[in-house]
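Structure file protein29.txt (compact mmCIF, C-alpha atoms) is printed below.
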# COMPACT_ATOMS: atom_id res chain seq x y z
CA MET A 1 4.04 -22.78 7.07
CA THR A 2 1.14 -24.35 8.95
CA HIS A 3 0.06 -23.55 12.49
CA GLU A 4 1.41 -26.90 13.66
CA GLU A 5 4.79 -26.31 12.03
CA HIS A 6 5.49 -22.68 12.87
CA MET A 7 8.18 -21.70 15.33
CA ALA A 8 8.09 -18.64 17.59
CA PRO A 9 7.39 -15.59 15.43
CA VAL A 10 10.17 -13.30 14.31
CA PRO A 11 10.45 -10.94 17.32
CA THR A 12 11.58 -7.98 15.25
CA ILE A 13 11.07 -6.66 11.76
CA SER A 14 13.31 -4.46 9.62
CA VAL A 15 11.52 -1.54 7.96
CA GLY A 16 13.09 0.59 5.23
CA ILE A 17 12.18 4.20 6.03
CA LEU A 18 13.95 6.35 3.43
CA THR A 19 16.75 6.23 0.87
CA ARG A 20 18.91 9.15 -0.21
CA ARG A 21 22.55 10.19 -0.32
CA GLU A 22 22.45 12.12 2.97
CA ILE A 23 20.21 11.38 5.96
CA ARG A 24 19.80 13.54 9.05
CA VAL A 25 18.78 11.94 12.35
CA SER A 26 18.35 13.23 15.90
CA LEU A 27 19.03 10.69 18.65
CA LEU A 28 16.73 11.35 21.62
CA GLY A 29 18.49 9.40 24.33
CA ARG A 30 21.71 7.42 24.17
CA TYR A 31 22.46 4.91 21.41
CA ARG A 32 25.41 2.53 21.23
CA TRP A 33 27.30 2.25 17.96
CA GLU A 34 27.56 -1.53 17.64
CA ARG A 35 30.94 -1.54 15.87
CA THR A 36 32.81 0.69 18.31
CA GLY A 37 30.73 0.58 21.50
CA GLU A 38 30.68 4.39 21.48
CA LEU A 39 27.64 6.06 23.06
CA LEU A 40 25.98 8.66 20.82
CA ALA A 41 23.25 11.27 21.25
CA GLY A 42 22.07 14.40 19.47
CA GLU A 43 22.12 15.13 15.75
CA ILE A 44 24.03 12.98 13.27
CA ARG A 45 24.37 13.32 9.51
CA ALA A 46 25.08 10.16 7.56
CA THR A 47 26.38 10.44 3.99
CA ALA A 48 27.16 7.81 1.37
CA ASP A 49 30.84 8.35 0.56
CA ASP A 50 33.79 6.44 -0.95
CA GLY A 51 32.13 3.04 -0.82
CA GLY A 52 31.21 3.45 2.84
CA ILE A 53 29.44 5.87 5.15
CA THR A 54 30.63 9.17 6.62
CA LEU A 55 29.05 10.20 9.93
CA CYS A 56 29.11 13.80 11.07
CA ILE A 57 29.00 13.65 14.89
CA GLU A 58 29.32 16.89 16.88
CA GLY A 59 31.14 18.50 13.96
CA LYS A 60 33.57 15.60 13.51
CA HIS A 61 33.54 13.47 10.36
CA VAL A 62 34.08 9.74 10.76
CA HIS A 63 34.34 7.46 7.73
CA THR A 64 33.34 3.84 8.30
CA ALA A 65 32.29 0.73 6.46
CA ALA A 66 28.63 -0.11 6.04
CA PRO A 67 26.39 -0.98 7.76
CA VAL A 68 26.22 1.37 10.71
CA ILE A 69 24.04 -0.07 13.49
CA LEU A 70 22.87 2.11 16.38
CA LEU A 71 21.25 0.30 19.33
CA PRO A 72 19.10 2.03 21.99
CA THR A 73 20.49 1.79 25.51
CA GLY A 74 17.06 2.05 27.13
CA ASN A 75 13.36 1.72 26.40
CA ASP A 76 12.94 5.49 26.42
CA ALA A 77 15.54 6.07 23.68
CA THR A 78 14.03 7.12 20.34
CA PHE A 79 15.29 8.79 17.19
CA VAL A 80 13.86 11.27 14.69
CA LEU A 81 14.48 10.93 10.97
CA HIS A 82 14.10 14.29 9.26
CA ASP A 83 12.30 15.01 5.97
CA VAL A 84 10.87 11.54 5.45
CA THR A 85 8.80 11.38 2.26
CA ILE A 86 5.38 9.77 2.68
CA GLY A 87 2.90 8.89 -0.06
CA VAL A 88 5.78 8.38 -2.50
CA GLN A 89 4.57 9.18 -6.04
CA PHE A 90 0.96 9.37 -4.85
CA HIS A 91 -1.13 12.55 -4.99
CA TRP A 92 -0.68 13.20 -1.24
CA GLN A 93 3.16 12.99 -1.29
CA GLN A 94 4.77 15.19 1.38
CA ASN A 95 7.72 15.31 3.76
CA GLU A 96 7.64 15.15 7.54
CA ASP A 97 9.88 14.41 10.52
CA GLN A 98 9.16 11.02 12.08
CA ARG A 99 10.08 9.54 15.46
CA PHE A 100 10.91 5.86 15.95
CA ALA A 101 11.71 3.41 18.73
CA GLY A 102 14.05 0.46 18.30
CA ALA A 103 17.38 0.20 16.50
CA LEU A 104 18.58 2.20 13.50
CA ARG A 105 20.66 0.82 10.64
CA PHE A 106 22.31 2.76 7.84
CA LEU A 107 22.88 0.56 4.79
CA ARG A 108 24.62 1.30 1.51
CA THR A 109 22.22 0.76 -1.38
CA GLY A 110 24.10 1.63 -4.54
CA ALA A 111 25.29 5.23 -4.34
CA GLU A 112 22.84 6.06 -1.55
CA LEU A 113 22.01 5.20 2.04
CA THR A 114 18.90 3.53 3.37
CA ALA A 115 17.75 4.13 6.93
CA VAL A 116 16.22 0.96 8.39
CA ASN A 117 14.30 0.70 11.66
CA VAL A 118 14.53 -2.64 13.49
CA VAL A 119 11.57 -2.87 15.82
CA ASP A 120 9.32 -5.30 17.67
CA ILE A 121 6.48 -6.55 15.45
CA GLU A 122 3.72 -5.53 17.87
CA HIS A 123 5.20 -2.04 18.26
CA TYR A 124 5.39 -1.84 14.47
CA LEU A 125 1.70 -2.73 14.21
CA THR A 126 0.71 -0.07 16.73
CA SER A 127 2.21 2.52 14.40
CA VAL A 128 0.78 0.93 11.24
CA ILE A 129 -2.78 1.07 12.56
CA SER A 130 -2.42 4.76 13.45
CA SER A 131 -0.64 5.59 10.19
CA GLU A 132 -3.10 3.79 7.94
CA MET A 133 -6.27 5.16 9.56
CA GLY A 134 -7.27 7.74 12.13
CA ALA A 135 -6.39 6.89 15.72
CA GLU A 136 -9.91 7.97 16.79
CA SER A 137 -11.56 5.15 14.85
CA SER A 138 -13.68 2.58 16.69
CA LEU A 139 -11.95 -0.14 18.69
CA ALA A 140 -13.57 -2.90 16.60
CA PHE A 141 -12.27 -1.46 13.33
CA LEU A 142 -8.76 -0.94 14.73
CA GLN A 143 -8.76 -4.51 16.06
CA ALA A 144 -9.82 -5.83 12.64
CA HIS A 145 -7.04 -3.81 11.02
CA ALA A 146 -4.48 -5.08 13.53
CA VAL A 147 -5.32 -8.71 12.74
CA THR A 148 -5.31 -7.98 9.00
CA SER A 149 -1.96 -6.16 9.08
CA ARG A 150 -0.35 -8.79 11.33
CA SER A 151 -1.53 -11.55 9.01
CA TRP A 152 -0.21 -9.79 5.93
CA LEU A 153 3.14 -9.15 7.58
CA LEU A 154 3.73 -12.71 8.77
CA ALA A 155 2.59 -14.10 5.41
CA GLN A 156 5.09 -11.86 3.60
CA LEU A 157 7.95 -12.91 5.87
CA GLU A 158 7.12 -16.57 5.31
CA THR A 159 6.85 -16.13 1.54
CA SER A 160 10.22 -14.39 1.41
CA ARG A 161 11.83 -17.11 3.51
CA ALA A 162 10.43 -19.87 1.32
CA ARG A 163 11.48 -18.16 -1.90
CA LYS A 164 15.01 -17.54 -0.67
CA ALA A 165 15.31 -21.16 0.45
CA ALA A 166 14.14 -22.36 -2.96
CA SER A 167 16.06 -19.64 -4.86
CA VAL A 168 12.79 -18.73 -6.59
CA LEU A 169 12.21 -15.11 -7.57
CA PRO A 170 8.85 -13.68 -8.65
CA GLN A 171 8.38 -12.83 -12.32
CA PRO A 172 6.08 -9.79 -12.20
CA LEU A 173 6.63 -8.56 -15.75
CA LEU A 174 5.54 -9.71 -19.19
CA GLU A 175 6.59 -7.31 -21.93
CA THR A 176 6.45 -7.59 -25.71
CA GLU A 177 6.32 -5.12 -28.57
CA THR A 178 2.61 -4.67 -28.07
CA GLU A 179 1.96 -5.14 -24.35
CA ARG A 180 3.27 -4.66 -20.82
CA ILE A 181 1.58 -6.69 -18.09
CA ARG A 182 3.14 -5.95 -14.73
CA TRP A 183 2.20 -6.15 -11.08
CA TYR A 184 3.90 -4.66 -8.07
CA ASP A 185 4.36 -6.31 -4.69
CA ARG A 186 6.72 -6.10 -1.76
CA GLU A 187 9.22 -8.57 -3.25
CA ASP A 188 11.02 -5.51 -4.63
CA HIS A 189 12.72 -5.06 -1.23
CA GLU A 190 16.03 -6.87 -0.88
CA HIS A 191 17.63 -5.06 2.05
CA PHE A 192 14.79 -5.08 4.58
CA ASP A 193 11.54 -6.88 5.28
CA VAL A 194 9.04 -4.17 4.36
CA CYS A 195 9.05 -0.51 3.41
CA ALA A 196 7.33 2.21 5.42
CA ASP A 197 5.04 3.55 2.72
CA ASP A 198 1.84 2.59 0.90
CA HIS A 199 3.77 0.09 -1.27
CA CYS A 200 3.69 -2.16 1.82
CA GLN A 201 1.94 -0.74 4.89
CA ARG A 202 2.12 2.82 6.13
CA TYR A 203 4.52 2.95 9.06
CA GLN A 204 5.40 6.32 10.55
CA GLY A 205 6.93 5.25 13.85
CA GLY A 206 5.52 6.95 16.92
CA THR A 207 4.53 10.02 14.92
CA LYS A 208 0.85 9.13 14.56
CA VAL A 209 0.16 7.09 17.70
CA SER A 210 -2.18 9.31 19.72
CA THR A 211 -4.84 7.29 21.57
CA ALA A 212 -5.10 4.47 24.08
CA THR A 213 -7.63 2.82 21.73
CA VAL A 214 -4.90 2.08 19.19
CA THR A 215 -2.68 0.48 21.82
CA ASN A 216 -5.67 -1.48 23.14
CA ALA A 217 -6.54 -2.70 19.63
CA VAL A 218 -3.07 -4.17 19.13
CA GLU A 219 -2.65 -5.54 22.65
CA SER A 220 -6.11 -7.14 22.75
CA THR A 221 -5.40 -8.98 19.48
CA ARG A 222 -1.76 -9.77 20.25
CA GLY A 223 -0.59 -12.73 18.17
CA LEU A 224 -3.95 -13.17 16.43
CA VAL A 225 -3.93 -13.77 12.67
CA LEU A 226 -6.30 -14.94 9.96
CA THR A 227 -5.72 -18.49 8.81
CA HIS A 228 -7.08 -20.65 6.02
CA ASP A 229 -6.42 -24.36 5.79
CA GLY A 230 -3.94 -24.08 8.67
CA LYS A 231 -1.82 -21.35 7.04
CA VAL A 232 -1.57 -17.65 7.84
CA CYS A 233 -3.50 -15.60 5.28
CA ASP A 234 -1.95 -13.13 2.90
CA ALA A 235 -4.56 -10.58 4.02
CA ARG A 236 -4.77 -7.41 1.93
CA PHE A 237 -6.51 -4.06 2.37
CA SER A 238 -7.15 -0.85 0.45
CA LYS A 239 -8.78 2.47 1.23
CA CYS A 240 -12.14 2.20 -0.56
CA CYS A 241 -13.30 -0.67 -2.76
CA GLY A 242 -16.06 1.36 -4.42
CA GLY A 243 -18.75 -1.18 -3.59
CA LEU A 244 -17.24 -4.49 -4.73
CA THR A 245 -13.86 -6.00 -3.86
CA GLU A 246 -11.50 -7.56 -6.41
CA PRO A 247 -9.94 -11.06 -6.40
CA PHE A 248 -6.23 -11.25 -5.55
CA GLU A 249 -5.14 -12.83 -8.82
CA ASN A 250 -6.44 -9.93 -10.89
CA VAL A 251 -4.11 -7.49 -9.13
CA TRP A 252 -0.98 -9.51 -8.32
CA GLU A 253 0.41 -12.89 -9.30
CA PRO A 254 -2.07 -15.34 -10.87
CA VAL A 255 -2.66 -17.35 -7.68
CA HIS A 256 -6.18 -17.90 -6.30
CA HIS A 257 -6.84 -17.38 -2.59
CA PRO A 258 -10.33 -18.49 -1.45
CA TYR A 259 -10.37 -15.70 1.13
CA LEU A 260 -9.48 -12.92 -1.35
CA VAL A 261 -12.46 -13.11 -3.66
CA SER A 262 -14.95 -10.49 -4.83
CA ILE A 263 -17.57 -9.59 -2.21
CA VAL A 264 -20.24 -6.91 -2.00
CA ASP A 265 -19.29 -4.25 0.53
CA ALA A 266 -22.60 -4.45 2.35
CA VAL A 267 -24.13 -6.31 5.26
CA ASP A 268 -27.19 -6.91 3.05
CA PRO A 269 -25.75 -7.41 -0.47
CA ALA A 270 -29.13 -7.90 -2.15
CA ALA A 271 -30.47 -4.60 -0.83
CA ALA A 272 -27.27 -2.72 -1.67
CA LEU A 273 -27.27 -3.95 -5.26
CA ALA A 274 -30.97 -3.50 -5.92
CA GLY A 275 -31.25 -2.15 -9.46
CA VAL A 276 -27.58 -2.79 -10.23
CA SER A 277 -26.76 -4.87 -13.31
CA LEU A 278 -24.00 -7.43 -12.91
CA PRO A 279 -21.44 -8.65 -13.88
CA LEU A 280 -19.25 -5.57 -14.14
CA GLU A 281 -17.01 -7.36 -16.61
CA ASN A 282 -19.73 -6.30 -19.06
CA GLU A 283 -18.95 -2.80 -20.38
CA ALA A 284 -22.53 -1.53 -20.33
CA ASN A 285 -22.92 -2.68 -16.71
CA ALA A 286 -19.56 -1.16 -15.77
CA GLU A 287 -20.56 2.19 -17.24
CA ARG A 288 -23.79 2.28 -15.24
CA TRP A 289 -21.90 1.25 -12.09
CA MET A 290 -19.34 4.07 -12.35
CA HIS A 291 -22.15 6.62 -12.45
CA ALA A 292 -24.23 4.96 -9.71
CA SER A 293 -24.24 5.60 -5.96
CA PRO A 294 -25.31 2.29 -4.38
CA PRO A 295 -25.85 2.24 -0.59
CA VAL A 296 -22.80 0.12 0.19
CA LEU A 297 -20.73 0.50 3.35
CA CYS A 298 -17.93 2.55 1.80
CA ASN A 299 -20.34 5.04 0.21
CA THR A 300 -19.90 7.89 2.69
CA HIS A 301 -20.66 10.66 0.18
CA GLY A 302 -22.40 13.61 1.77
CA THR A 303 -21.52 12.74 5.36
CA GLU A 304 -18.77 13.88 7.68
CA SER A 305 -19.30 10.99 10.09
CA ILE A 306 -16.33 9.07 8.71
CA ALA A 307 -13.84 11.98 8.58
CA HIS A 308 -12.24 11.07 11.92
CA VAL A 309 -11.24 7.60 10.69
CA LEU A 310 -8.89 9.07 8.05
CA PRO A 311 -5.36 10.29 8.85
CA ASP A 312 -5.01 14.06 8.53
CA PHE A 313 -3.20 13.91 5.16
CA ASP A 314 -5.94 11.70 3.69
CA ARG A 315 -8.77 14.02 4.68
CA ALA A 316 -7.96 16.39 1.81
CA THR A 317 -8.81 13.58 -0.60
CA ARG A 318 -12.54 13.76 -1.22
CA ASP A 319 -15.07 12.13 -3.56
CA PHE A 320 -13.04 8.94 -3.84
CA PHE A 321 -16.10 6.67 -3.78
CA ARG A 322 -16.97 8.05 -7.23
CA TRP A 323 -14.54 10.33 -9.01
CA HIS A 324 -13.64 11.72 -12.43
CA VAL A 325 -10.69 13.30 -14.19
CA THR A 326 -10.48 14.96 -17.62
CA TYR A 327 -7.47 15.17 -19.94
CA THR A 328 -7.05 17.04 -23.18
CA GLN A 329 -5.71 15.10 -26.15
CA ASP A 330 -2.28 16.70 -25.79
CA GLU A 331 -2.18 16.07 -22.03
CA LEU A 332 -3.09 12.41 -22.33
CA ALA A 333 -0.78 11.68 -25.27
CA ALA A 334 2.16 13.33 -23.49
CA LEU A 335 1.35 11.54 -20.24
CA ILE A 336 1.23 8.10 -21.87
CA ALA A 337 4.49 8.72 -23.75
CA ARG A 338 6.26 9.88 -20.58
CA LYS A 339 4.94 7.23 -18.21
CA SER A 340 5.02 4.19 -20.54
CA GLY A 341 7.96 5.11 -22.76
CA ARG A 342 5.78 4.35 -25.81
CA ASP A 343 4.80 7.03 -28.35
CA VAL A 344 1.41 6.00 -29.71
CA GLY A 345 0.82 9.37 -31.33
CA HIS A 346 -2.61 10.93 -30.88
CA VAL A 347 -4.79 8.81 -28.61
CA VAL A 348 -7.77 7.44 -30.52
CA ARG A 349 -9.28 5.18 -27.88
CA LEU A 350 -8.74 3.72 -24.41
CA ALA A 351 -10.22 0.28 -24.94
CA PRO A 352 -10.93 -2.09 -22.02
CA ARG A 353 -9.43 -5.50 -22.73
CA ARG A 354 -10.28 -7.23 -19.43
CA ARG A 355 -12.17 -6.21 -16.30
CA GLY A 356 -12.60 -7.85 -12.91
CA PRO A 357 -15.78 -8.33 -10.86
CA SER A 358 -15.34 -4.95 -9.14
CA GLY A 359 -15.19 -3.18 -12.48
CA ARG A 360 -11.45 -2.66 -12.18
CA LEU A 361 -9.53 -2.81 -15.42
CA ILE A 362 -6.99 -5.61 -15.44
CA GLU A 363 -5.81 -4.90 -18.97
CA LEU A 364 -6.32 -1.77 -21.08
CA THR A 365 -5.45 -1.24 -24.74
CA ILE A 366 -4.29 2.22 -25.79
CA VAL A 367 -5.10 2.78 -29.46
CA GLY A 368 -3.13 5.61 -31.10
CA THR A 369 -2.42 7.00 -34.54
CA LYS A 370 1.11 5.55 -34.39
CA GLY A 371 0.33 2.19 -32.82
CA THR A 372 -1.52 0.12 -30.25
CA PHE A 373 -0.22 -0.90 -26.84
CA THR A 374 -1.81 -2.93 -24.02
CA ILE A 375 -0.99 -2.31 -20.35
CA GLY A 376 -1.87 -4.10 -17.09
CA LYS A 377 -2.30 -4.89 -14.26
CA GLU A 378 -4.21 -2.35 -12.23
CA LEU A 379 -1.32 -0.35 -10.75
CA GLU A 380 0.45 -0.11 -14.11
CA ILE A 381 -2.77 1.33 -15.55
CA ARG A 382 -3.13 3.78 -12.67
CA ARG A 383 0.45 4.96 -13.04
CA THR A 384 0.36 5.30 -16.81
CA LEU A 385 -2.80 7.43 -16.92
CA SER A 386 -1.90 9.91 -14.19
CA PRO A 387 0.99 12.20 -13.23
CA THR A 388 0.91 10.33 -9.88
CA HIS A 389 -1.72 7.55 -9.58
CA LEU A 390 -5.36 7.33 -10.52
CA TYR A 391 -7.51 6.58 -7.49
CA SER A 392 -8.20 3.14 -8.95
CA SER A 393 -8.36 1.23 -12.23
CA ALA A 394 -12.15 0.94 -11.94
CA PHE A 395 -13.21 3.48 -14.54
CA VAL A 396 -14.96 4.01 -17.86
CA VAL A 397 -13.95 6.54 -20.50
CA GLU A 398 -16.04 9.16 -22.23
CA THR A 399 -14.56 11.10 -25.16
CA GLY A 400 -15.21 14.67 -26.19
CA THR A 401 -15.57 16.12 -29.67
CA VAL A 402 -13.95 13.91 -32.32
CA LYS A 403 -12.18 15.55 -35.27
CA HIS A 404 -10.49 13.50 -37.99
CA GLY A 405 -10.98 10.43 -35.80
CA VAL A 406 -9.13 11.95 -32.82
CA PRO A 407 -11.03 12.93 -29.61
CA ALA A 408 -10.29 16.36 -28.16
CA THR A 409 -10.75 15.21 -24.55
CA PHE A 410 -11.01 12.06 -22.43
CA THR A 411 -12.94 11.95 -19.16
CA LEU A 412 -12.41 9.01 -16.83
CA TYR A 413 -15.32 8.22 -14.47
CA GLY A 414 -14.18 5.91 -11.70
CA ALA A 415 -15.01 4.10 -8.48
CA GLY A 416 -12.99 3.55 -5.33
CA TRP A 417 -9.50 4.33 -4.03
CA GLY A 418 -6.84 1.62 -4.21
CA HIS A 419 -6.58 -1.92 -5.54
CA GLY A 420 -9.79 -3.08 -3.88
CA VAL A 421 -8.56 -6.48 -2.64
CA GLY A 422 -9.51 -7.77 0.82
CA LEU A 423 -10.53 -5.40 3.59
CA CYS A 424 -12.08 -2.11 2.48
CA GLN A 425 -10.82 0.31 5.12
CA ILE A 426 -13.68 2.79 4.76
CA GLY A 427 -16.29 0.03 4.69
CA ALA A 428 -14.76 -1.73 7.68
CA ALA A 429 -14.61 1.56 9.58
CA VAL A 430 -18.33 2.05 8.92
CA MET A 431 -19.02 -1.48 10.20
CA GLY A 432 -17.15 -0.57 13.38
CA GLU A 433 -19.18 2.63 13.72
CA LYS A 434 -22.36 0.58 13.35
CA GLY A 435 -21.41 -1.65 16.29
CA TYR A 436 -20.12 -4.81 14.59
CA ASP A 437 -17.25 -6.54 16.42
CA TYR A 438 -13.89 -7.15 14.80
CA ARG A 439 -14.45 -10.85 14.15
CA THR A 440 -17.64 -10.05 12.20
CA ILE A 441 -15.77 -7.41 10.21
CA LEU A 442 -13.01 -9.88 9.36
CA SER A 443 -15.40 -12.66 8.37
CA HIS A 444 -17.19 -10.23 6.04
CA TYR A 445 -14.07 -9.23 4.11
CA PHE A 446 -12.15 -12.51 4.41
CA PRO A 447 -14.55 -15.43 3.88
CA HIS A 448 -13.38 -18.97 4.68
CA THR A 449 -10.92 -17.76 7.34
CA THR A 450 -10.45 -18.39 11.06
CA VAL A 451 -9.00 -16.03 13.67
CA THR A 452 -6.12 -18.01 15.18
CA SER A 453 -3.67 -17.33 18.01
CA TRP A 454 -0.32 -17.60 16.23
CA TYR A 455 1.89 -16.73 19.20
Would you write the structure of this file as structure tokens?
Amino acid sequence: MTHEEHMAPVPTISVGILTRREIRVSLLGRYRWERTGELLAGEIRATADDGGITLCIEGKHVHTAAPVILLPTGNDATFVLHDVTIGVQFHWQQNEDQRFAGALRFLRTGAELTAVNVVDIEHYLTSVISSEMGAESSLAFLQAHAVTSRSWLLAQLETSRARKAASVLPQPLLETETERIRWYDREDHEHFDVCADDHCQRYQGGTKVSTATVTNAVESTRGLVLTHDGKVCDARFSKCCGGLTEPFENVWEPVHHPYLVSIVDAVDPAAALAGVSLPLENEANAERWMHASPPVLCNTHGTESIAHVLPDFDRATRDFFRWHVTYTQDELAALIARKSGRDVGHVVRLAPRRRGPSGRLIELTIVGTKGTFTIGKELEIRRTLSPTHLYSSAFVVETGTVKHGVPATFTLYGAGWGHGVGLCQIGAAVMGEKGYDYRTILSHYFPHTTVTSWY
């Protein structure tokens, strides 16, 4: 969809918050049950039951068909979903109660229920910015994030609409006897527009909104998006690129976007990379890079100045610019068998098959005493080699003592946190701290783009 062709933007977005058999919600204010017109308040338990939904309201059980839609009767009406899991399958996974504005839908998804929040896009973004990064970040950084997140969201909605109209589904998996090449994107969601977790964008309702700066960042950029060639950009972001960003096509579908290319995370790239050997597709260069500490924007090691830009649950994660993890032979072999479903026996070697410009592994070959298996792309690698997720797929491997051709240990030395495509949140936050405005931040991470008023 081009700027000339687009209609008024979708005024609301549906966000999948959590899925389980029973969901507990507290209605703060009056909500109208769309099907019956009944006004509800207080605590409700919704349970998937007998092909429909059973609601426990003030001790009474009411069985009804799905969906159940609860509409707020006033702007001050909100609801709290209890025990929402955040950071699903990541190392910071935890549960918390979360408060939301807008409407609430209970859908049947198989044998379970999904709670969906239907909310105004700009309100959604206000929460996203606070959920993704600390609400005390600089205004310029929060503005840059608002434009990035809005662009991503509208691009995803347009892509979904076009695919449904053309009956075209993505094909994110190539699997044979010897390899599994898979990428993960938001097209997994069939019952709502986006999810509320890191798989899409973090959205925790009104739980994390705490400063006027966040509201100002969204309001002052209202309707602004990044465009390229007249189309809204599929803008991406990750926590810390590690010094170099990665092209889109190396992480997701093999489509090139001129604005999602590899850039140096520095205002002065030549100075930041002084003494660094490129390209990082070269194994010797990649090994030196993983052990180096170049003065790029996202290298905040040894300083607390950036702590306030991270949400509270992210602050426990340290040393993500450069990191390492060690596995014993038994630990790694068991992990690979459990996570990939392939028993390769004792692990002989983790052999890079293909790297990207940021040093991230795109494909990795696992060589074992019982067979050889190749995995990709980056998230599949991160999931296979960790009980949760590795910080990134930008790593090199050092082996311990080798006996009968089998290493006793494997140590992974890595760079960055996340997929590394597009805006580097830590680097962009540092740019904001240094006084750069949001348009300069956006032009740094998204070359060949224009900030455009979309609505």
One-decimal distance in Å that lies between CA of Glu253 (chain A) and CA of Ile362 (chain A):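 That distance, rounded to one decimal, is 12.1 Å.
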Contact residues around Ile23 (chain A) with all atoms listed in the file at 9 Å, ignoring same-chain residues under 3 positions, as a PyMOL selection string: chain A and resi 18-20+44-47+81-83+113-115
Selected residues, C-alpha atoms, written as a compact mmCIF listing (two decimals), in the frame of the given file, please.
# COMPACT_ATOMS: atom_id res chain seq x y z
CA LEU A 18 13.95 6.35 3.43
CA THR A 19 16.75 6.23 0.87
CA ARG A 20 18.91 9.15 -0.21
CA ILE A 44 24.03 12.98 13.27
CA ARG A 45 24.37 13.32 9.51
CA ALA A 46 25.08 10.16 7.56
CA THR A 47 26.38 10.44 3.99
CA LEU A 81 14.48 10.93 10.97
CA HIS A 82 14.10 14.29 9.26
CA ASP A 83 12.30 15.01 5.97
CA LEU A 113 22.01 5.20 2.04
CA THR A 114 18.90 3.53 3.37
CA ALA A 115 17.75 4.13 6.93
Between CA of Ser262 (chain A) and CA of Glu249 (chain A) - distance in Å to one decimal: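 Spanning CA of Glu249 (chain A) to CA of Ser262 (chain A) is a straight-line distance of 10.8 Å.
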Closest contacts (region 53-74 of chain A/region 100-112 of chain A, max 7 Å, all atoms listed in the file) as a Markdown table:
| residue | atom | partner | partner_atom | distance |
| --- | --- | --- | --- | --- |
| A:Ala66 | CA | A:Leu107 | CA | 5.9 |
| A:Pro67 | CA | A:Leu107 | CA | 4.8 |
| A:Val68 | CA | A:Phe106 | CA | 5.0 |
| A:Ile69 | CA | A:Arg105 | CA | 4.5 |
| A:Leu70 | CA | A:Leu104 | CA | 5.2 |
| A:Leu71 | CA | A:Ala103 | CA | 4.8 |
| A:Pro72 | CA | A:Ala103 | CA | 6.0 |
Residue nearest Thr369 (chain A) among A:Val347, A:Pro357, A:Pro387, A:Leu153 (counting all atoms listed in the file):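 Smallest distance to Thr369 (chain A) is found for A:Val347.
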Expected residue set, 7 Å radius at (13.4, 0.4, 6.1), all atoms listed in the file, as a ChimeraX atom specification: /A:14-18,114-117,192,194-196
Restricted to C-alpha atoms, what would the selected residues look like written as a compact mmCIF listing (two decimals), in the coordinates of the input?
# COMPACT_ATOMS: atom_id res chain seq x y z
CA SER A 14 13.31 -4.46 9.62
CA VAL A 15 11.52 -1.54 7.96
CA GLY A 16 13.09 0.59 5.23
CA ILE A 17 12.18 4.20 6.03
CA LEU A 18 13.95 6.35 3.43
CA THR A 114 18.90 3.53 3.37
CA ALA A 115 17.75 4.13 6.93
CA VAL A 116 16.22 0.96 8.39
CA ASN A 117 14.30 0.70 11.66
CA PHE A 192 14.79 -5.08 4.58
CA VAL A 194 9.04 -4.17 4.36
CA CYS A 195 9.05 -0.51 3.41
CA ALA A 196 7.33 2.21 5.42
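With distances taken over all atoms listed in the file, A:Thr54 is the one residue among A:Thr54, A:Ser149, A:Gln156, A:Thr176 lying closest to Arg24 (chain A).
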Minimum-distance residue to Trp152 (chain A), chosen among A:Asp234, A:Asp49, A:Glu190, A:Glu122 (using all atoms listed in the file):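 With all atoms listed in the file as the atom set, the closest residue is A:Asp234.
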Protein/DNA/RNA residues near (-19.3, -5.6, -2.6), cut 9 Å, all atoms listed in the file, as JSON, numbers by chain: {"A": [241, 242, 243, 244, 245, 246, 262, 263, 264, 265, 266, 269, 272, 273, 296, 297, 358]}
Point-to-point distance from CA of Met290 (chain A) to CA of Ser277 (chain A), Å rounded to tenths: 11.7 Å
Give one line per residue of region 145-172 of chain A that approaches region 437-440 of chain A to at most 10 Å, naming the two atoms of the closest pair and their distance in Å to one decimal, counting all atoms listed in the file; sort by chain then ascending residue number and deliver it as a tab-separated table.
residue	atom	partner	partner_atom	distance
A:His145	CA	A:Tyr438	CA	8.5
A:Ala146	CA	A:Tyr438	CA	9.7
A:Val147	CA	A:Tyr438	CA	9.0
Nearest candidate to Leu157 (chain A) (options A:Glu219, A:Leu224, A:Ile13, A:Asn285; using all atoms listed in the file): A:Ile13
Residues near region 330-332 of chain A, cut-off 12 Å, only C-alpha atoms, skip fewer than 3 positions along chain, as an NGL selection string: :A and (325-327 or 335-340 or 343-350 or 366 or 368 or 384-387 or 399 or 406-412)
Closest of A:Lys403, A:His291, A:Lys60, A:Arg182 to Ile381 (chain A) - atom-to-atom distances counting all atoms listed in the file: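 Ranked by minimum distance to Ile381 (chain A), first place goes to A:Arg182.
With distances restricted to all atoms listed in the file, A:Thr126 is the closest residue to Arg222 (chain A) from A:His389, A:His404, A:Thr126, A:His191.
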6 Å contact set for region 351-355 of chain A, all atoms listed in the file, chain neighbours under 3 positions out, as a PyMOL selection string: chain A and resi 281+359-365
